[in-house]
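Written out below as structure tokens is the structure these notes cover.
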Amino acid sequence: MKLVYLLGITILVAVSTVAALKEGDCEVCIATVKKFANTLADDVIKDPKKIEEAFKKFCKGTKSKENRFCYYLGGLEESATGILGELSKPLSWSLPADKVCEKLKKKDAQICELRFEKQIDLNTVDLKKLKVRDLKKILNDWDETCDGCIEKSDFISRIEELKPKYSQSSKSEL
């Protein structure tokens with residue numbers, strides 16, 4: 001009898017540990033839910049249907065990872081599925097964003113796989129230590145190409161060539 005009881009407690013602890021979010025989990029979900037919740041008026045926050053309507057409007061202005069999050073929940077017209085109720089009901093109960101995301105993770109694990117892209121500071125980074133993928137991303141963010149680039153050194157040379165142009169523009173924007 002004690003063995004069955006002990007086994008039951010072990011399983012319960014294991015299940016509760018799996019459900020809880022780890023540090024860094026669901027960063028896009030938590031940030032987007034917080035951002036969205038802060039836009040809600042007092043008369044909307046208590047009504048799940050109004051929350052769903054507000055979320056669909058919110059999603060129209062999203063880009064990148066937030067837009068993908070909206071797609072997964074069903075907040076976009078082109079969304080294949082919809083689990084907006086899993087967002088709106090907990091929000092109407094005033095559940096914090098991390099708890100809402102725990103519930104969403106149980107329904108669709110890919111929601112918590114979304115990560116924000118890390119910004120690269122070109123003034124301090126050693127380009128030689130970056131991956132080619134990151135070097136290509138820098139050029140892509142600048143809407144530049146690297147025609148004939150084959151090796152990593154080619155991409156580094158192109159970035160170094162363009163760096164003054166984009167460093168100047170970023171300083172003048174400040």
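Here's how to read the names in the structure tokens: chain A, B, ... by the order shown, residue numbers from 1 in each chain, ligand numbers from 1 in the order shown.
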Exercise for review: Taking the DSSP assignment computed from this structure's backbone, write out as number ranges by chain all residues of chain A that belong to helix (DSSP H, G or I).
Suggested key: A: 2-19, 27-37, 48-60, 64-73, 85-92, 97-107, 109-113, 127-129, 132-141, 152-173
Practice item. Just the residues within 9 Å of Ser88 in chain A, please, counting only C-alpha atoms, with nothing from its chain fewer than 3 positions along; format it as a ChimeraX atom specification. Key: /A:45,47-52,55,84-85,91-93
Would you kindly return, as a CSV table (one decimal) with N, CA, C and O atoms, in the first residue's frame, each protein, DNA or RNA residue with an atom no farther than 12 Å from any atom of Asp126 in chain A, considering only C-alpha atoms and excluding same-chain residues fewer than 5 positions away?
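Result written to around27.csv:
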```csv
chain,number,residue,atom,x,y,z
A,120,ILE,N,22.0,41.8,-32.6
A,120,ILE,CA,23.5,41.8,-32.6
A,120,ILE,C,24.0,43.3,-32.6
A,120,ILE,O,23.6,44.1,-33.4
A,121,ASP,N,24.8,43.6,-31.6
A,121,ASP,CA,25.4,44.9,-31.6
A,121,ASP,C,26.7,44.9,-32.4
A,121,ASP,O,27.7,44.3,-32.0
A,131,LYS,N,28.0,33.0,-36.8
A,131,LYS,CA,27.8,32.0,-37.8
A,131,LYS,C,27.4,32.7,-39.1
A,131,LYS,O,26.9,33.8,-39.1
A,134,ASP,N,24.0,34.2,-39.2
A,134,ASP,CA,23.9,35.5,-38.5
A,134,ASP,C,24.4,36.6,-39.4
A,134,ASP,O,23.8,37.7,-39.4
A,135,LEU,N,25.5,36.3,-40.1
A,135,LEU,CA,26.0,37.3,-41.0
A,135,LEU,C,25.1,37.6,-42.2
A,135,LEU,O,24.8,38.8,-42.5
A,156,ILE,N,31.9,38.6,-44.1
A,156,ILE,CA,32.5,39.6,-43.1
A,156,ILE,C,33.0,40.8,-43.9
A,156,ILE,O,32.8,42.0,-43.4
A,159,ILE,N,30.1,43.0,-44.9
A,159,ILE,CA,29.5,43.7,-43.7
A,159,ILE,C,30.4,44.9,-43.3
A,159,ILE,O,29.9,46.0,-43.0
A,160,GLU,N,31.7,44.6,-43.2
A,160,GLU,CA,32.7,45.7,-42.9
A,160,GLU,C,32.6,46.8,-43.9
A,160,GLU,O,32.7,48.0,-43.5
```
At a cut-off of 10 Å, can you tabulate as JSON lines every residue of range 59-167 of chain A near range 27-44 of chain A together with its closest atom pair and the distance in Å to one decimal, using only C-alpha atoms and ordering rows by chain then number?
```
{"residue": "A:Cys59", "atom": "CA", "partner": "A:Phe36", "partner_atom": "CA", "distance": 9.2}
{"residue": "A:Thr62", "atom": "CA", "partner": "A:Thr32", "partner_atom": "CA", "distance": 9.6}
{"residue": "A:Lys65", "atom": "CA", "partner": "A:Val28", "partner_atom": "CA", "distance": 6.9}
{"residue": "A:Glu66", "atom": "CA", "partner": "A:Thr32", "partner_atom": "CA", "distance": 6.4}
{"residue": "A:Asn67", "atom": "CA", "partner": "A:Thr32", "partner_atom": "CA", "distance": 9.6}
{"residue": "A:Arg68", "atom": "CA", "partner": "A:Val28", "partner_atom": "CA", "distance": 9.5}
{"residue": "A:Phe69", "atom": "CA", "partner": "A:Cys29", "partner_atom": "CA", "distance": 6.9}
{"residue": "A:Cys70", "atom": "CA", "partner": "A:Thr32", "partner_atom": "CA", "distance": 9.1}
{"residue": "A:Leu87", "atom": "CA", "partner": "A:Val33", "partner_atom": "CA", "distance": 8.5}
{"residue": "A:Ser88", "atom": "CA", "partner": "A:Ala37", "partner_atom": "CA", "distance": 9.9}
{"residue": "A:Leu91", "atom": "CA", "partner": "A:Ala37", "partner_atom": "CA", "distance": 7.6}
{"residue": "A:Ser92", "atom": "CA", "partner": "A:Val44", "partner_atom": "CA", "distance": 8.5}
{"residue": "A:Ser94", "atom": "CA", "partner": "A:Ala37", "partner_atom": "CA", "distance": 9.4}
{"residue": "A:Pro96", "atom": "CA", "partner": "A:Lys34", "partner_atom": "CA", "distance": 8.1}
{"residue": "A:Ala97", "atom": "CA", "partner": "A:Ile30", "partner_atom": "CA", "distance": 5.3}
{"residue": "A:Asp98", "atom": "CA", "partner": "A:Ile30", "partner_atom": "CA", "distance": 5.6}
{"residue": "A:Lys99", "atom": "CA", "partner": "A:Ile30", "partner_atom": "CA", "distance": 8.9}
{"residue": "A:Val100", "atom": "CA", "partner": "A:Val33", "partner_atom": "CA", "distance": 8.1}
{"residue": "A:Cys101", "atom": "CA", "partner": "A:Cys29", "partner_atom": "CA", "distance": 6.2}
{"residue": "A:Glu102", "atom": "CA", "partner": "A:Ile30", "partner_atom": "CA", "distance": 9.5}
{"residue": "A:Leu104", "atom": "CA", "partner": "A:Cys29", "partner_atom": "CA", "distance": 8.9}
{"residue": "A:Lys105", "atom": "CA", "partner": "A:Cys29", "partner_atom": "CA", "distance": 9.4}
{"residue": "A:Ile111", "atom": "CA", "partner": "A:Cys29", "partner_atom": "CA", "distance": 6.8}
{"residue": "A:Cys112", "atom": "CA", "partner": "A:Cys29", "partner_atom": "CA", "distance": 6.6}
{"residue": "A:Glu113", "atom": "CA", "partner": "A:Val28", "partner_atom": "CA", "distance": 8.6}
{"residue": "A:Leu114", "atom": "CA", "partner": "A:Val28", "partner_atom": "CA", "distance": 5.9}
{"residue": "A:Arg115", "atom": "CA", "partner": "A:Val28", "partner_atom": "CA", "distance": 5.9}
{"residue": "A:Phe116", "atom": "CA", "partner": "A:Val28", "partner_atom": "CA", "distance": 6.4}
```
Exercise for review: Give me the residues within 9 Å of Leu76 in chain A as a list in words, counting only C-alpha atoms and dropping any in the same chain fewer than 3 places off.
Suggested key: Lys56, Lys57, Cys59, Lys60, Asn67, Cys70, Tyr71, Tyr72, Leu73, Ser79 and Ala80 of chain A
Write the residues you've just listed into a file as a tab-separated table (two decimals), in the first residue's frame, and include C-alpha atoms for each of them.
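As written to disk, out.tsv reads:
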```tsv
chain	number	residue	atom	x	y	z
A	56	LYS	CA	-8.19	39.64	-33.34
A	57	LYS	CA	-7.88	43.43	-33.72
A	59	CYS	CA	-3.22	40.67	-34.10
A	60	LYS	CA	-3.77	42.77	-37.23
A	67	ASN	CA	2.24	37.41	-35.64
A	70	CYS	CA	-1.48	35.10	-33.20
A	71	TYR	CA	-1.59	32.55	-36.01
A	72	TYR	CA	-1.23	29.63	-33.59
A	73	LEU	CA	-4.05	30.93	-31.39
A	79	SER	CA	-5.27	30.85	-38.99
A	80	ALA	CA	-6.01	27.17	-39.57
```
Review point. So which one's closest to Lys106 in chain A, A:Ala54, A:Cys26, A:Ile138, A:Leu130? Using only C-alpha atoms, please.
Key: A:Cys26
